[in-house]
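Comments concern the structure below.
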Amino acid sequence: MKTLIKGEKGYVLIAALLVLVILGLISGPLLSYMVSGLKAGHVFETGAAELYAADAGVQDAIWKIQNNIGLCAGSPTTHYTIADVNGKNVEVSVEYLAGGSYRITSTAVTEGGGNTADLGSYTTVESYVEAMAFDLLSGALVSMSDIDFSKDCVVTGDVYYVGEITGKEYEHIDGDEIQVPVSVFPTQEQNEVFAQQFKDQALLGETHLGTMTVDTDTTLNATYITGDLLIQKHGNDGVTVTLTGPIYVEGLVDVDMMSAITGSGSIVAVGDIRLAKLPYYGFEGDSIIMSLDGDITFKKEATIQALIYAPNGSVIVDKQLTAEGSIIAGYIDIKKDAYLTYVSKGSSFNLFPVAIYGAEIKTYEVIRN
C-alpha cells in the first residue's frame, strides 16, 4: 500500500485530462472573442480607409477651387466621381454659396457601383470652405517681394506682400498685412496685354518718332512716342506738361527736378519713369503710371490719384508722396514721407482676373454609415 501511495504513475494522464477540460471550457469564448476582434478590426480598417478617401475628395475639391479647374461655369453646384481611392469610389459635390464660400460633400464608397443608396458602408465628409482670393488692384501697397519703410509713412488700406516688410514701423490705418504667394501675380504676357490697351489708345492720337524733348509749357493729348520722353527745364525755370490723354513711350520717361506733370492721362513706358513734381495729377477719371520693364521713381513732392504699377521693377519714393490709388511693384522702397490711401483707380481698365491662392476650412464634419 505504501508503494502504491508513493507511486506517481497516472498523474500525467490526469493533468492532461484537466488541461483538455480547461481548454474545452475557454476555447469557445476565446474563439468568439477572436472573431469579434477580427470583425471589429476589419470595420475599423474599412472606416479609416473610407475616411482617408473622403478626405482626399475634399482636398481635391479645394485644389479645383484654387485653380478654377473642373467647376461648372454658371452652375452653383458641381458633381464628379474619383475612382479607386484606397479601393473606394469617392463621390464629390462642390456647391458655391456666396462671398467666396463653398460647401464640399465627399462620400467614400466601400461596396457597390458607387451609389450610396444600396450600400452597407460609406463615410461622408461635409466641409465648408472659404476661398482666399487676391485682386491685384485691391491694396494700397502690393509688393511681389519686400516693402521697405525708411521714414514716416501712413498707409490706409490693405498691404499685400510676398517677402518681408522691413525698416522703420509705419502707421497702418484700416487695413491688414496679408502675405501672398508670388504665383498670384500676372505673368509677363498678361502685363504686356494690359499695357497694350494704353498703347492702342495712344496710337489714336499723335505719333512722335524718336525721342521727344519738351522744354516749354506744353499740353499733350494722346501721344505714342517711339523713343524717350524728356521733360527739361528752360533756363532756370521748370516747365509744366499738362496731360489730357494717354502717353505711351517705348523708351524711358525723365522729368528734371524743376519741372512738373499735371492733368489727367495715363503715362505708360517700357523703360524707367523718373518723375519730379506731380501737383494734383490724375484727379479726373482713372489714370495709371506704369513702367512695363523698369522702375518708377518719385524724386520730389507729388500729389496724385492714380494706379502706380511696375511689375518688373521697383517703386521708389525719394520725397513726400501723397497718393490715392494703389502702388504695385516688384519691390517698394519708401525713403521719406509717404501718405498712401487705397482708392480704386482702375475701374475703366481691362483688369487682371482675381486669383484664388488658397482655401481655409471653416467646418469639417464626418458622417459614418
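Scheme for the C-alpha cells: letters A, B, ... for chains in order shown; per-chain residue numbers from 1; ligand numbers from 1 in order shown.
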
(message) Could you pull out the alpha helix (DSSP H) residues of segment 79-325 of chain A, going by DSSP on the backbone, and write them as a count of residues only?
(response) 16

(message) Give me, as a PyMOL selection string, the residues of segment 84-237 of chain A that a backbone DSSP run labels strand (DSSP E).
(response) chain A and resi 84-85+88-96+101-109+122-134+141-143+147-149+153-156+159-161+165-167+171-173+177-179+206-208+212-214+218-220+223-225+229-231

(message) With only C-alpha atoms as the counted atoms, please give the residues lying no more than 9 Å from Met212 of chain A, apart from itself and same-chain residues fewer than 2 positions off, as a list in words.
(response)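 Residues meeting the cut-off are His208, Leu209, Gly210, Val214, Ile225, Thr226, Gly227, Asp228, Leu229, Leu230 and Ile231 of chain A.
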
How about saving the chosen residues, N, CA and C atoms kept, as a PDB file, in the first residue's frame?
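Final file, again.pdb:
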```pdb
ATOM      1  N   HIS A 208       5.009 110.284 -82.344  1.00  0.00           N
ATOM      2  CA  HIS A 208       6.280 111.016 -82.415  1.00  0.00           C
ATOM      3  C   HIS A 208       7.391 109.995 -82.594  1.00  0.00           C
ATOM      4  N   LEU A 209       8.132 110.105 -83.679  1.00  0.00           N
ATOM      5  CA  LEU A 209       9.231 109.186 -83.965  1.00  0.00           C
ATOM      6  C   LEU A 209      10.487 109.637 -83.236  1.00  0.00           C
ATOM      7  N   GLY A 210      11.120 108.703 -82.543  1.00  0.00           N
ATOM      8  CA  GLY A 210      12.338 109.026 -81.806  1.00  0.00           C
ATOM      9  C   GLY A 210      12.041 109.648 -80.465  1.00  0.00           C
ATOM     10  N   VAL A 214      10.754 118.020 -74.288  1.00  0.00           N
ATOM     11  CA  VAL A 214       9.821 119.114 -74.010  1.00  0.00           C
ATOM     12  C   VAL A 214      10.519 120.100 -73.086  1.00  0.00           C
ATOM     13  N   ILE A 225       5.087 107.607 -78.492  1.00  0.00           N
ATOM     14  CA  ILE A 225       6.468 108.049 -78.678  1.00  0.00           C
ATOM     15  C   ILE A 225       7.339 106.810 -78.859  1.00  0.00           C
ATOM     16  N   THR A 226       8.057 106.744 -79.980  1.00  0.00           N
ATOM     17  CA  THR A 226       8.868 105.552 -80.263  1.00  0.00           C
ATOM     18  C   THR A 226      10.195 105.557 -79.515  1.00  0.00           C
ATOM     19  N   GLY A 227      10.615 106.705 -78.991  1.00  0.00           N
ATOM     20  CA  GLY A 227      11.861 106.793 -78.231  1.00  0.00           C
ATOM     21  C   GLY A 227      11.606 107.121 -76.778  1.00  0.00           C
ATOM     22  N   ASP A 228      12.368 108.096 -76.241  1.00  0.00           N
ATOM     23  CA  ASP A 228      12.214 108.528 -74.860  1.00  0.00           C
ATOM     24  C   ASP A 228      11.362 109.793 -74.793  1.00  0.00           C
ATOM     25  N   LEU A 229      10.870 110.098 -73.584  1.00  0.00           N
ATOM     26  CA  LEU A 229      10.212 111.372 -73.313  1.00  0.00           C
ATOM     27  C   LEU A 229      11.026 112.086 -72.252  1.00  0.00           C
ATOM     28  N   LEU A 230      11.615 113.251 -72.635  1.00  0.00           N
ATOM     29  CA  LEU A 230      12.450 114.026 -71.727  1.00  0.00           C
ATOM     30  C   LEU A 230      11.796 115.382 -71.497  1.00  0.00           C
ATOM     31  N   ILE A 231      11.501 115.692 -70.250  1.00  0.00           N
ATOM     32  CA  ILE A 231      10.912 116.986 -69.887  1.00  0.00           C
ATOM     33  C   ILE A 231      11.978 117.763 -69.140  1.00  0.00           C
TER      34      ILE A 231
END
```

(message) So, with only C-alpha atoms as the atoms that count, which of A:Ile173, A:Ile304, A:Met144, A:Val255 lies closest to Tyr160 of chain A?
(response) A:Met144

At most 7 Å is the cut-off: for each residue in segment 300-347 of chain A with any atom that close to an atom of segment 287-292 of chain A, write down the nearest atom pair and the distance in Å rounded to one decimal, counting only C-alpha atoms, chain first then increasing number, as a tab-separated table.
```
residue	atom	partner	partner_atom	distance
A:Ala306	CA	A:Ser287	CA	4.9
A:Leu307	CA	A:Ile288	CA	4.6
A:Ile308	CA	A:Ile289	CA	4.9
A:Tyr309	CA	A:Met290	CA	4.7
A:Ala310	CA	A:Ser291	CA	5.0
A:Pro311	CA	A:Leu292	CA	6.5
A:Asn312	CA	A:Leu292	CA	6.7
A:Lys345	CA	A:Ser287	CA	6.8
```

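All residues of protein, DNA or RNA that reach within 8 Å of Tyr96 of chain A, judged by only C-alpha atoms and not counting those fewer than 6 positions away in the chain, are Pro76, Thr77, Tyr102 and Arg103 of chain A.
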
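Between atom CA of His234 of chain A and atom CA of Val253 of chain A the interatomic distance comes to 17.5 Å.
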
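Counting only C-alpha atoms, the residue from A:Ala133, A:Ala140, A:Ile334, A:Ile361 that sits nearest to Leu321 of chain A is A:Ile334.
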
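Counting only C-alpha atoms, the residue from A:Leu136, A:Val155, A:Ala131, A:Ala355 that sits nearest to Ala338 of chain A is A:Val155.
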